[in-house]
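K.L.:
Structure file structure_23.txt (compact mmCIF, C-alpha atoms) right here:
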```
# COMPACT_ATOMS: atom_id res chain seq x y z
CA MET A 1 -127.39 221.26 47.71
CA THR A 2 -127.22 220.28 51.35
CA ASP A 3 -125.80 216.96 50.25
CA SER A 4 -122.92 218.41 48.29
CA ALA A 5 -122.09 220.93 51.02
CA GLU A 6 -121.94 218.11 53.55
CA THR A 7 -119.80 216.04 51.24
CA ALA A 8 -117.35 218.85 50.66
CA SER A 9 -117.02 219.30 54.41
CA ASP A 10 -116.50 215.56 54.80
CA ARG A 11 -113.71 215.54 52.24
CA SER A 12 -111.76 218.17 54.08
CA ARG A 13 -112.49 217.08 57.65
CA VAL A 14 -109.24 215.15 57.94
CA ARG A 15 -107.24 218.24 57.08
CA ARG A 16 -108.93 220.25 59.81
CA HIS A 17 -107.95 217.72 62.53
CA PRO A 18 -104.29 217.09 61.89
CA GLU A 19 -103.92 214.79 64.91
CA ARG A 20 -106.67 212.60 63.53
CA ALA A 21 -105.23 212.92 60.05
CA GLY A 22 -101.90 211.50 61.20
CA TYR A 23 -103.66 208.63 62.90
CA GLU A 24 -105.85 208.02 59.89
CA ARG A 25 -102.90 208.10 57.49
CA LYS A 26 -101.12 205.41 59.50
CA GLN A 27 -104.25 203.26 59.50
CA ALA A 28 -104.99 204.06 55.87
CA TYR A 29 -101.49 203.16 54.74
CA ALA A 30 -101.65 199.82 56.59
CA ILE A 31 -104.90 199.03 54.74
CA LEU A 32 -103.46 200.17 51.40
CA ASP A 33 -100.29 198.13 51.94
CA ALA A 34 -102.32 194.99 52.63
CA GLY A 35 -104.39 195.35 49.43
CA GLN A 36 -104.09 194.30 45.82
CA ILE A 37 -106.84 195.98 43.84
CA ALA A 38 -108.03 199.56 44.09
CA HIS A 39 -111.37 200.62 42.71
CA VAL A 40 -110.62 203.89 40.96
CA GLY A 41 -113.46 206.35 40.46
CA PHE A 42 -113.67 209.35 38.16
CA ALA A 43 -116.49 211.25 36.51
CA VAL A 44 -116.92 212.36 32.92
CA ASP A 45 -119.70 214.91 32.41
CA GLY A 46 -121.33 213.78 35.66
CA GLN A 47 -121.24 210.08 34.74
CA PRO A 48 -119.23 208.13 37.33
CA PHE A 49 -116.93 205.25 36.36
CA VAL A 50 -115.35 202.75 38.77
CA ILE A 51 -112.48 200.67 37.40
CA PRO A 52 -110.48 198.00 39.25
CA MET A 53 -106.70 198.41 39.05
CA LEU A 54 -103.61 196.91 40.60
CA TYR A 55 -101.75 199.51 42.63
CA ALA A 56 -98.92 200.07 45.08
CA ARG A 57 -98.42 202.78 47.67
CA LEU A 58 -95.12 204.68 47.53
CA ASP A 59 -94.70 207.21 50.37
CA ASP A 60 -97.70 209.55 50.20
CA SER A 61 -98.77 208.43 46.75
CA VAL A 62 -100.50 205.55 45.04
CA LEU A 63 -98.99 204.23 41.81
CA LEU A 64 -101.18 203.02 38.95
CA HIS A 65 -100.01 201.73 35.63
CA GLY A 66 -101.37 200.57 32.31
CA ASN A 67 -101.06 200.76 28.57
CA VAL A 68 -100.21 204.19 27.17
CA GLY A 69 -103.43 203.92 25.17
CA SER A 70 -105.58 203.63 28.31
CA ARG A 71 -108.32 206.23 28.26
CA LEU A 72 -108.73 205.97 32.02
CA LEU A 73 -105.07 206.78 32.65
CA ARG A 74 -105.09 209.64 30.15
CA HIS A 75 -108.21 211.06 31.77
CA LEU A 76 -106.66 210.87 35.25
CA ALA A 77 -103.34 212.28 34.07
CA SER A 78 -105.18 215.34 32.76
CA GLY A 79 -105.75 216.28 36.41
CA ALA A 80 -109.32 215.02 36.83
CA ALA A 81 -110.51 214.57 40.42
CA CYS A 82 -110.09 210.98 41.48
CA CYS A 83 -111.28 208.77 44.32
CA LEU A 84 -109.62 205.44 44.96
CA THR A 85 -110.96 202.84 47.39
CA VAL A 86 -109.44 199.66 48.79
CA THR A 87 -111.50 197.19 50.81
CA HIS A 88 -110.67 193.98 52.65
CA LEU A 89 -113.57 191.72 53.56
CA ASP A 90 -112.49 190.08 56.83
CA GLY A 91 -115.55 188.06 57.73
CA TRP A 92 -119.28 187.51 57.87
CA VAL A 93 -120.94 188.58 61.11
CA LEU A 94 -123.92 186.32 61.80
CA ALA A 95 -126.39 187.80 64.27
CA ARG A 96 -129.69 186.44 65.51
CA SER A 97 -131.66 188.98 63.46
CA HIS A 98 -131.42 189.81 59.76
CA PHE A 99 -131.03 193.44 60.84
CA ASN A 100 -127.85 192.89 62.84
CA HIS A 101 -126.07 190.78 60.26
CA SER A 102 -122.94 192.53 59.12
CA ALA A 103 -119.46 192.15 57.69
CA ASN A 104 -116.07 192.69 59.25
CA TYR A 105 -113.94 194.76 56.92
CA ARG A 106 -111.27 197.44 56.56
CA SER A 107 -111.54 200.07 53.90
CA VAL A 108 -109.80 203.26 52.92
CA VAL A 109 -111.06 205.97 50.59
CA VAL A 110 -108.33 208.12 49.04
CA PHE A 111 -108.84 211.49 47.37
CA GLY A 112 -106.21 212.96 45.16
CA SER A 113 -105.25 213.86 41.66
CA ALA A 114 -102.78 212.19 39.39
CA CYS A 115 -99.67 213.19 37.58
CA SER A 116 -97.85 211.15 35.00
CA ILE A 117 -94.34 209.81 35.62
CA GLU A 118 -92.48 210.33 32.35
CA ASP A 119 -88.81 209.91 33.24
CA PRO A 120 -87.80 206.38 32.09
CA GLU A 121 -85.57 205.78 35.13
CA ARG A 122 -88.29 206.77 37.61
CA LYS A 123 -90.76 204.70 35.59
CA ALA A 124 -88.55 201.60 35.81
CA ILE A 125 -88.15 202.06 39.58
CA ALA A 126 -91.90 202.55 40.03
CA LEU A 127 -92.73 199.45 37.96
CA ALA A 128 -90.28 197.35 39.96
CA HIS A 129 -91.92 198.72 43.14
CA LEU A 130 -95.34 197.68 41.80
CA VAL A 131 -94.13 194.12 41.22
CA ASP A 132 -92.44 193.93 44.62
CA ALA A 133 -95.28 195.54 46.57
CA LEU A 134 -97.67 192.86 45.32
CA ILE A 135 -95.25 189.92 45.40
CA PRO A 136 -92.34 190.80 47.72
CA GLY A 137 -89.06 189.51 46.36
CA ARG A 138 -90.25 189.14 42.80
CA ALA A 139 -88.77 192.26 41.20
CA ALA A 140 -85.14 191.18 41.64
CA ASP A 141 -86.04 187.73 40.33
CA SER A 142 -87.51 188.80 36.97
CA ARG A 143 -86.37 190.90 34.03
CA PRO A 144 -86.67 194.71 34.46
CA SER A 145 -88.52 196.65 31.79
CA ASP A 146 -86.57 197.60 28.68
CA PRO A 147 -86.89 201.03 26.98
CA GLN A 148 -89.58 199.81 24.58
CA GLU A 149 -91.68 198.39 27.41
CA LEU A 150 -91.26 201.57 29.43
CA ALA A 151 -92.43 203.61 26.46
CA ALA A 152 -95.52 201.39 26.15
CA THR A 153 -96.44 201.86 29.82
CA SER A 154 -98.24 204.77 31.43
CA LEU A 155 -97.38 205.31 35.04
CA LEU A 156 -99.47 207.54 37.27
CA GLU A 157 -98.74 208.83 40.71
CA ILE A 158 -101.79 209.84 42.71
CA ARG A 159 -100.85 212.06 45.64
CA ILE A 160 -102.93 211.12 48.68
CA ASP A 161 -104.42 214.56 49.45
CA ASP A 162 -106.73 213.13 52.08
CA CYS A 163 -108.16 209.80 52.99
CA SER A 164 -110.63 208.23 55.37
CA VAL A 165 -110.73 204.83 57.01
CA LYS A 166 -113.74 202.73 57.93
CA SER A 167 -113.70 199.32 59.53
CA ARG A 168 -115.64 196.83 61.62
CA SER A 169 -114.26 193.96 63.64
CA GLY A 170 -115.46 191.67 66.39
CA PRO A 171 -118.56 189.62 67.18
CA PRO A 172 -122.21 190.32 66.29
CA LYS A 173 -124.08 192.90 68.37
CA ASP A 174 -127.52 191.52 69.00
CA HIS A 175 -130.45 193.12 70.74
CA PRO A 176 -130.75 191.64 74.27
CA ASP A 177 -134.26 190.37 73.42
CA ASP A 178 -132.79 188.28 70.59
CA LEU A 179 -130.16 186.37 72.57
CA ASP A 180 -132.40 183.32 73.08
CA TRP A 181 -133.24 183.06 69.37
CA PRO A 182 -132.37 179.43 68.58
CA THR A 183 -129.60 179.88 66.05
CA TRP A 184 -125.84 179.87 65.80
CA ALA A 185 -124.24 183.32 65.99
CA GLY A 186 -120.68 184.46 65.54
CA VAL A 187 -118.14 185.32 62.89
CA ILE A 188 -116.93 183.40 59.84
CA PRO A 189 -113.48 184.84 59.11
CA LEU A 190 -112.63 185.38 55.44
CA ALA A 191 -109.20 185.91 53.90
CA LEU A 192 -107.73 186.02 50.41
CA THR A 193 -105.65 182.86 50.43
CA PRO A 194 -103.05 181.55 47.96
CA GLY A 195 -103.59 178.08 46.51
CA THR A 196 -101.16 175.61 44.99
CA PRO A 197 -98.77 177.33 42.54
CA GLU A 198 -99.38 176.37 38.88
CA PRO A 199 -96.06 176.30 36.96
CA ALA A 200 -96.08 177.62 33.39
CA LEU A 201 -96.08 174.81 30.82
CA ASP A 202 -92.95 176.27 29.22
CA LEU A 203 -91.08 176.50 32.54
CA LEU A 204 -87.38 175.62 32.23
CA ALA A 205 -86.70 172.19 33.68
CA GLY A 206 -85.36 172.34 37.22
CA GLN A 207 -86.64 175.86 38.04
CA PRO A 208 -87.67 175.56 41.69
CA LEU A 209 -90.48 177.51 43.36
CA PRO A 210 -88.66 180.44 44.99
CA ASP A 211 -88.72 180.88 48.76
CA TYR A 212 -90.71 184.11 48.53
CA LEU A 213 -93.60 182.13 47.01
CA ARG A 214 -93.52 179.33 49.57
CA SER A 215 -95.20 181.26 52.35
CA GLY A 216 -98.67 182.62 51.68
CA ARG A 217 -97.89 185.31 54.22
CA ALA A 218 -95.14 186.73 52.04
CA MET A 219 -97.71 187.77 49.46
CA ARG A 220 -100.30 190.45 49.80
CA MET B 1 -113.91 216.10 24.65
CA THR B 2 -112.82 213.11 22.64
CA ASP B 3 -112.52 211.25 25.89
CA SER B 4 -116.07 211.86 27.00
CA ALA B 5 -117.48 211.11 23.56
CA GLU B 6 -115.62 207.83 23.49
CA THR B 7 -116.73 207.01 26.99
CA ALA B 8 -120.36 207.74 26.20
CA SER B 9 -120.14 205.47 23.20
CA ASP B 10 -118.56 202.81 25.39
CA ARG B 11 -121.39 203.03 27.87
CA SER B 12 -123.98 202.36 25.23
CA ARG B 13 -122.08 199.82 23.14
CA VAL B 14 -123.78 196.90 24.88
CA ARG B 15 -127.19 198.23 23.93
CA ARG B 16 -126.21 198.49 20.26
CA HIS B 17 -125.16 194.81 20.11
CA PRO B 18 -128.02 192.97 21.79
CA GLU B 19 -126.53 189.53 21.06
CA ARG B 20 -123.39 190.53 22.89
CA ALA B 21 -125.46 192.17 25.60
CA GLY B 22 -127.20 188.90 26.35
CA TYR B 23 -123.91 187.10 26.52
CA GLU B 24 -122.39 189.78 28.67
CA ARG B 25 -125.37 189.81 31.03
CA LYS B 26 -125.03 186.10 31.66
CA GLN B 27 -121.32 186.49 32.37
CA ALA B 28 -121.89 189.66 34.37
CA TYR B 29 -124.55 188.05 36.53
CA ALA B 30 -122.30 185.06 37.30
CA ILE B 31 -119.59 187.47 38.45
CA LEU B 32 -122.07 189.51 40.49
CA ASP B 33 -123.53 186.37 42.08
CA ALA B 34 -120.09 185.21 43.16
CA GLY B 35 -119.26 188.53 44.84
CA GLN B 36 -119.73 190.11 48.23
CA ILE B 37 -118.73 193.75 48.03
CA ALA B 38 -119.55 196.23 45.30
CA HIS B 39 -117.62 199.46 44.91
CA VAL B 40 -120.31 202.03 44.27
CA GLY B 41 -119.35 205.22 42.47
CA PHE B 42 -121.20 208.49 42.20
CA ALA B 43 -120.22 212.09 41.57
CA VAL B 44 -121.21 215.24 43.43
CA ASP B 45 -120.32 218.46 41.57
CA GLY B 46 -117.70 216.59 39.56
CA GLN B 47 -116.05 215.03 42.63
CA PRO B 48 -116.15 211.23 42.40
CA PHE B 49 -116.76 209.03 45.44
CA VAL B 50 -116.27 205.25 45.60
CA ILE B 51 -117.86 203.47 48.57
CA PRO B 52 -117.73 199.72 49.34
CA MET B 53 -121.12 198.13 50.03
CA LEU B 54 -122.57 194.67 50.50
CA TYR B 55 -125.04 193.87 47.75
CA ALA B 56 -127.14 191.17 46.17
CA ARG B 57 -128.41 190.78 42.64
CA LEU B 58 -132.15 190.23 42.23
CA ASP B 59 -133.21 189.62 38.61
CA ASP B 60 -131.99 192.61 36.58
CA SER B 61 -131.23 194.74 39.61
CA VAL B 62 -128.68 195.10 42.35
CA LEU B 63 -129.93 195.65 45.90
CA LEU B 64 -128.09 197.94 48.32
CA HIS B 65 -129.11 198.74 51.85
CA GLY B 66 -128.08 200.92 54.75
CA ASN B 67 -129.23 203.26 57.45
CA VAL B 68 -132.02 205.68 56.46
CA GLY B 69 -129.62 208.48 57.42
CA SER B 70 -127.04 207.41 54.83
CA ARG B 71 -126.12 210.34 52.59
CA LEU B 72 -124.86 207.99 49.93
CA LEU B 73 -128.17 206.14 49.71
CA ARG B 74 -130.17 209.37 49.71
CA HIS B 75 -127.97 210.74 46.95
CA LEU B 76 -128.42 207.60 44.83
CA ALA B 77 -132.16 207.44 45.52
CA SER B 78 -132.49 210.96 44.12
CA GLY B 79 -131.74 209.44 40.70
CA ALA B 80 -128.03 210.29 40.44
CA ALA B 81 -126.05 208.35 37.85
CA CYS B 82 -124.32 205.42 39.45
CA CYS B 83 -121.57 202.97 38.53
CA LEU B 84 -121.09 199.82 40.54
CA THR B 85 -118.12 197.50 40.14
CA VAL B 86 -117.42 194.01 41.47
CA THR B 87 -114.01 192.38 41.13
CA HIS B 88 -112.64 188.96 42.01
CA LEU B 89 -108.87 188.61 42.17
CA ASP B 90 -108.22 185.02 41.05
CA GLY B 91 -104.45 184.89 41.04
CA TRP B 92 -101.03 186.42 40.48
CA VAL B 93 -99.54 185.81 37.07
CA LEU B 94 -95.75 185.63 37.37
CA ALA B 95 -93.95 186.17 34.09
CA ARG B 96 -90.22 186.30 33.32
CA SER B 97 -90.35 190.08 32.78
CA HIS B 98 -91.78 192.80 35.03
CA PHE B 99 -93.74 193.95 31.99
CA ASN B 100 -95.66 190.72 31.55
CA HIS B 101 -96.61 190.24 35.19
CA SER B 102 -100.35 190.35 35.57
CA ALA B 103 -103.34 189.25 37.60
CA ASN B 104 -106.09 186.80 36.83
CA TYR B 105 -109.44 188.36 37.68
CA ARG B 106 -113.09 188.70 36.78
CA SER B 107 -114.82 192.05 37.01
CA VAL B 108 -118.11 193.58 36.04
CA VAL B 109 -118.96 197.26 35.75
CA VAL B 110 -122.67 198.06 36.09
CA PHE B 111 -124.35 201.30 35.05
CA GLY B 112 -127.78 202.18 36.31
CA SER B 113 -129.78 204.44 38.50
CA ALA B 114 -131.44 203.68 41.77
CA CYS B 115 -134.93 203.78 43.12
CA SER B 116 -135.91 203.34 46.72
CA ILE B 117 -138.00 200.37 47.86
CA GLU B 118 -140.49 201.81 50.34
CA ASP B 119 -143.14 199.10 50.75
CA PRO B 120 -142.36 197.32 54.07
CA GLU B 121 -143.29 193.88 52.71
CA ARG B 122 -141.00 194.25 49.66
CA LYS B 123 -138.33 195.65 51.94
CA ALA B 124 -138.49 192.62 54.25
CA ILE B 125 -138.27 190.25 51.27
CA ALA B 126 -135.32 192.17 49.82
CA LEU B 127 -133.46 192.18 53.14
CA ALA B 128 -133.99 188.43 53.54
CA HIS B 129 -132.67 188.03 49.97
CA LEU B 130 -129.57 190.06 50.88
CA VAL B 131 -128.85 187.80 53.86
CA ASP B 132 -129.44 184.64 51.84
CA ALA B 133 -127.50 185.75 48.78
CA LEU B 134 -124.40 186.30 50.89
CA ILE B 135 -124.85 183.31 53.23
CA PRO B 136 -127.23 180.83 51.58
CA GLY B 137 -129.59 179.26 54.12
CA ARG B 138 -129.14 181.96 56.72
CA ALA B 139 -132.33 183.99 56.21
CA ALA B 140 -134.67 181.22 57.35
CA ASP B 141 -132.44 180.57 60.36
CA SER B 142 -132.48 184.09 61.80
CA ARG B 143 -135.13 186.60 62.86
CA PRO B 144 -136.76 188.62 60.05
CA SER B 145 -136.81 192.39 60.38
CA ASP B 146 -139.58 193.93 62.51
CA PRO B 147 -141.45 197.11 61.47
CA GLN B 148 -139.10 199.36 63.46
CA GLU B 149 -136.01 197.82 61.83
CA LEU B 150 -137.60 198.10 58.39
CA ALA B 151 -138.31 201.78 59.01
CA ALA B 152 -134.67 202.32 60.01
CA THR B 153 -133.38 200.70 56.80
CA SER B 154 -133.05 202.25 53.36
CA LEU B 155 -133.28 199.79 50.54
CA LEU B 156 -132.23 200.68 47.02
CA GLU B 157 -132.77 198.82 43.81
CA ILE B 158 -130.33 199.69 41.04
CA ARG B 159 -131.63 198.58 37.66
CA ILE B 160 -128.79 197.18 35.58
CA ASP B 161 -129.15 199.41 32.48
CA ASP B 162 -125.95 198.10 30.98
CA CYS B 163 -122.83 196.37 32.14
CA SER B 164 -119.48 195.24 30.88
CA VAL B 165 -117.29 192.32 31.82
CA LYS B 166 -113.51 192.10 31.86
CA SER B 167 -111.43 189.14 32.87
CA ARG B 168 -108.10 187.39 32.52
CA SER B 169 -107.30 183.77 33.18
CA GLY B 170 -104.56 181.33 32.37
CA PRO B 171 -100.76 181.28 32.43
CA PRO B 172 -98.27 184.13 31.85
CA LYS B 173 -97.62 185.20 28.27
CA ASP B 174 -93.91 185.79 27.95
CA HIS B 175 -91.94 187.11 25.03
CA PRO B 176 -90.17 184.17 23.32
CA ASP B 177 -86.79 185.82 24.02
CA ASP B 178 -87.54 185.69 27.76
CA LEU B 179 -88.29 181.98 28.08
CA ASP B 180 -84.77 181.09 29.20
CA TRP B 181 -84.71 183.75 31.91
CA PRO B 182 -83.75 181.75 35.03
CA THR B 183 -86.81 182.21 37.19
CA TRP B 184 -89.97 180.40 38.17
CA ALA B 185 -93.03 181.41 36.15
CA GLY B 186 -96.66 180.49 36.52
CA VAL B 187 -99.80 181.36 38.43
CA ILE B 188 -100.43 181.61 42.18
CA PRO B 189 -104.20 181.12 42.53
CA LEU B 190 -105.96 183.33 45.07
CA ALA B 191 -109.39 182.84 46.58
CA LEU B 192 -111.43 184.38 49.39
CA THR B 193 -111.51 181.50 51.86
CA PRO B 194 -113.51 181.01 55.06
CA GLY B 195 -111.57 180.26 58.24
CA THR B 196 -112.61 178.59 61.49
CA PRO B 197 -116.00 179.89 62.70
CA GLU B 198 -115.80 182.01 65.89
CA PRO B 199 -118.91 181.48 68.03
CA ALA B 200 -120.34 184.54 69.80
CA LEU B 201 -119.42 184.60 73.50
CA ASP B 202 -123.10 184.83 74.41
CA LEU B 203 -124.07 181.87 72.21
CA LEU B 204 -126.76 179.66 73.78
CA ALA B 205 -125.24 176.43 75.09
CA GLY B 206 -125.68 173.56 72.68
CA GLN B 207 -126.24 175.67 69.53
CA PRO B 208 -124.48 173.69 66.81
CA LEU B 209 -122.82 175.17 63.74
CA PRO B 210 -125.49 174.85 61.05
CA ASP B 211 -124.86 172.69 57.99
CA TYR B 212 -124.94 175.68 55.63
CA LEU B 213 -121.83 177.05 57.39
CA ARG B 214 -119.91 173.78 57.33
CA SER B 215 -118.93 173.96 53.68
CA GLY B 216 -116.94 176.97 52.58
CA ARG B 217 -118.43 176.44 49.15
CA ALA B 218 -121.91 177.20 50.42
CA MET B 219 -120.85 180.77 51.09
CA ARG B 220 -120.02 183.41 48.56
```
Let's see the structure in the file written out as structure tokens.
P.N.:
Amino acid sequence: MTDSAETASDRSRVRRHPERAGYERKQAYAILDAGQIAHVGFAVDGQPFVIPMLYARLDDSVLLHGNVGSRLLRHLASGAACCLTVTHLDGWVLARSHFNHSANYRSVVVFGSACSIEDPERKAIALAHLVDALIPGRAADSRPSDPQELAATSLLEIRIDDCSVKSRSGPPKDHPDDLDWPTWAGVIPLALTPGTPEPALDLLAGQPLPDYLRSGRAMR
Amino acid sequence: MTDSAETASDRSRVRRHPERAGYERKQAYAILDAGQIAHVGFAVDGQPFVIPMLYARLDDSVLLHGNVGSRLLRHLASGAACCLTVTHLDGWVLARSHFNHSANYRSVVVFGSACSIEDPERKAIALAHLVDALIPGRAADSRPSDPQELAATSLLEIRIDDCSVKSRSGPPKDHPDDLDWPTWAGVIPLALTPGTPEPALDLLAGQPLPDYLRSGRAMR
């Protein structure tokens, strides 16, 4: 019981320190906006499930989408409590001791509940936003969804009720006694990096790679 | 209620098709062994939580570790149901239509419950395995945990009761009517890539970068 009481207090802590909340939201949104996949958690009769999903932030919400038949989306749309986590692994931190090995990372945990976007116009805008948030410039360069496609797609908006950020950066922190241990120590940076584009086999002759795909930085 | 019944049946499907289970385990273990961060889900009074954690697979279990004070680890060690998901984003799939945009990925969802490893010798072995699973070759090249460090570390073993794999690979699948849409289509591969190592400022003079850090491939 102590555990759940502590957890409940944790969930609401951000709300009770609005100055921190504002700061955390700014940090949290930067981490969300740099991410691609959210791990979405929900519980059914006490059994937790964690499902990876593409997402995009829009104002104070996170958008998720999928097939109208998706059980996960239907469950969330029914108002079930939801937790959604995004993590970037930024590097390995190699210390002199096993104990002080670590990872550099940024993560955000979002709590909220979902509602379904039903209006076809809002759905089309949200789907275009999803495409563009993940690959900036792409939405205007590909065919928008038609009414049949919109009807086949569930779109959920999860209001970010509260969120918390955790991160680590910088070099290893070794115990002073360990500094003469004869090994290399430092950080190996890690980043999700785009490789060489692979054109579709049925690509129209003469279709060039668009500018927005030429710089890896343009993509999340 | 239909939802939870369906979900429960989903959770056990692997057990009811042992031939598929074996196949899925092999696939699941390859995905786990290529990963770094697991998103660990649990529920407290119906509220789901999803927390990112470093992990390593050992036989039919996943190892997690953290500070003995960690509420998450204490909660899991009490036998709470747990779901643990690992996802690799392998690329953006750019189709002619918004609707057919997708991602290439590999993911595994693991269900199990945790028990705590208390024996100091087993703990030390498991911690060395965690270091080596993430950075092969590193455990032997750094200082093993001392009794005080072992006492400060919680180590959990989550038995993989069942698991399920989902993945997508390959080019976009466009509707035939869309093939003459005037845009580039194909796949932008993505991979977590190591950058230039950053030596610690207090590194002993003359400590070379070890061979196991010279090839990005050697690391997860």
K.L.:
What is the distance, in Å and to one decimal place, between atom CA of B:Ala126 and atom CA of A:Ala95?
P.N.:
17.5 Å
K.L.:
Give me, as a CSV table (one decimal) with C-alpha atoms, in the frame of the given file, the residues of chain B touching chain A, with the criterion being at most 7 Å (counting only C-alpha atoms).
P.N.:
```
chain,number,residue,atom,x,y,z
B,3,ASP,CA,-112.5,211.2,25.9
B,4,SER,CA,-116.1,211.9,27.0
B,39,HIS,CA,-117.6,199.5,44.9
B,41,GLY,CA,-119.4,205.2,42.5
B,42,PHE,CA,-121.2,208.5,42.2
B,43,ALA,CA,-120.2,212.1,41.6
B,44,VAL,CA,-121.2,215.2,43.4
B,46,GLY,CA,-117.7,216.6,39.6
B,47,GLN,CA,-116.0,215.0,42.6
B,48,PRO,CA,-116.2,211.2,42.4
B,49,PHE,CA,-116.8,209.0,45.4
B,50,VAL,CA,-116.3,205.2,45.6
B,52,PRO,CA,-117.7,199.7,49.3
B,81,ALA,CA,-126.0,208.4,37.8
B,82,CYS,CA,-124.3,205.4,39.4
B,83,CYS,CA,-121.6,203.0,38.5
B,84,LEU,CA,-121.1,199.8,40.5
B,85,THR,CA,-118.1,197.5,40.1
B,87,THR,CA,-114.0,192.4,41.1
B,96,ARG,CA,-90.2,186.3,33.3
B,97,SER,CA,-90.4,190.1,32.8
B,98,HIS,CA,-91.8,192.8,35.0
B,99,PHE,CA,-93.7,194.0,32.0
B,128,ALA,CA,-134.0,188.4,53.5
B,131,VAL,CA,-128.8,187.8,53.9
B,139,ALA,CA,-132.3,184.0,56.2
B,141,ASP,CA,-132.4,180.6,60.4
B,142,SER,CA,-132.5,184.1,61.8
B,143,ARG,CA,-135.1,186.6,62.9
B,144,PRO,CA,-136.8,188.6,60.0
B,145,SER,CA,-136.8,192.4,60.4
B,149,GLU,CA,-136.0,197.8,61.8
B,171,PRO,CA,-100.8,181.3,32.4
B,180,ASP,CA,-84.8,181.1,29.2
B,183,THR,CA,-86.8,182.2,37.2
B,184,TRP,CA,-90.0,180.4,38.2
B,185,ALA,CA,-93.0,181.4,36.2
B,186,GLY,CA,-96.7,180.5,36.5
B,187,VAL,CA,-99.8,181.4,38.4
B,188,ILE,CA,-100.4,181.6,42.2
B,189,PRO,CA,-104.2,181.1,42.5
B,190,LEU,CA,-106.0,183.3,45.1
B,191,ALA,CA,-109.4,182.8,46.6
B,192,LEU,CA,-111.4,184.4,49.4
B,193,THR,CA,-111.5,181.5,51.9
B,194,PRO,CA,-113.5,181.0,55.1
B,195,GLY,CA,-111.6,180.3,58.2
B,196,THR,CA,-112.6,178.6,61.5
B,197,PRO,CA,-116.0,179.9,62.7
B,198,GLU,CA,-115.8,182.0,65.9
B,199,PRO,CA,-118.9,181.5,68.0
B,200,ALA,CA,-120.3,184.5,69.8
B,203,LEU,CA,-124.1,181.9,72.2
B,204,LEU,CA,-126.8,179.7,73.8
B,207,GLN,CA,-126.2,175.7,69.5
B,208,PRO,CA,-124.5,173.7,66.8
B,209,LEU,CA,-122.8,175.2,63.7
B,210,PRO,CA,-125.5,174.8,61.0
```
K.L.:
When you look at A:Lys26 with a cut-off of 12 Å (counting all atoms listed in the file), what residues show up, excluding the ones that are within fewer than 6 positions of it in the same chain? I need them as a list in words.
P.N.:
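Within the cut-off, the hits are Glu19, Arg20, Leu32, Asp33, Asp59, Asp60, Val108, Cys163, Ser164 and Val165 of chain A.
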K.L.:
Measuring between all atoms listed in the file, which one of A:Gly35, A:Glu157, A:Glu118, A:Ile125 shows the shortest distance to A:Leu63?
P.N.:
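With all atoms listed in the file as the atom set, the closest residue is A:Glu157.
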K.L.:
Could you pull the residues within 6 Å of A:Ala114, counting only C-alpha atoms, minus those fewer than 6 positions along the same chain, as a list in words?
P.N.:
Leu76, Ala77, Gly79, Glu157 and Ile158 of chain A
K.L.:
Just to confirm, what's the straight-line distance from atom CA of A:Ala151 to atom CA of B:Asn104 in Å (one decimal)?
P.N.:
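A separation of 24.0 Å between them.
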K.L.:
Which distance in Å separates atom CA of B:Asn67 and atom CA of B:Ser154, to one decimal?
P.N.:
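That distance, rounded to one decimal, is 5.7 Å.
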K.L.:
For stretch 143-151 of chain B, supply N, CA and C atoms and format the output as a compact mmCIF listing (two decimals), in the frame of the given file.
P.N.:
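Contents of part_1.txt, as written:
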```
# COMPACT_ATOMS: atom_id res chain seq x y z
N ARG B 143 -133.88 185.88 62.69
CA ARG B 143 -135.13 186.60 62.86
C ARG B 143 -135.34 187.66 61.79
N PRO B 144 -136.47 187.59 61.06
CA PRO B 144 -136.76 188.62 60.05
C PRO B 144 -136.88 190.00 60.69
N SER B 145 -136.75 191.02 59.87
CA SER B 145 -136.81 192.39 60.38
C SER B 145 -138.21 192.73 60.88
N ASP B 146 -138.28 193.47 61.99
CA ASP B 146 -139.58 193.93 62.51
C ASP B 146 -139.87 195.31 61.92
N PRO B 147 -141.08 195.83 62.11
CA PRO B 147 -141.45 197.11 61.47
C PRO B 147 -140.50 198.26 61.81
N GLN B 148 -140.02 198.29 63.05
CA GLN B 148 -139.10 199.36 63.46
C GLN B 148 -137.78 199.25 62.69
N GLU B 149 -137.26 198.03 62.57
CA GLU B 149 -136.01 197.82 61.83
C GLU B 149 -136.19 198.16 60.35
N LEU B 150 -137.35 197.78 59.80
CA LEU B 150 -137.60 198.10 58.39
C LEU B 150 -137.63 199.61 58.18
N ALA B 151 -138.22 200.32 59.14
CA ALA B 151 -138.31 201.78 59.01
C ALA B 151 -136.93 202.43 59.12
```
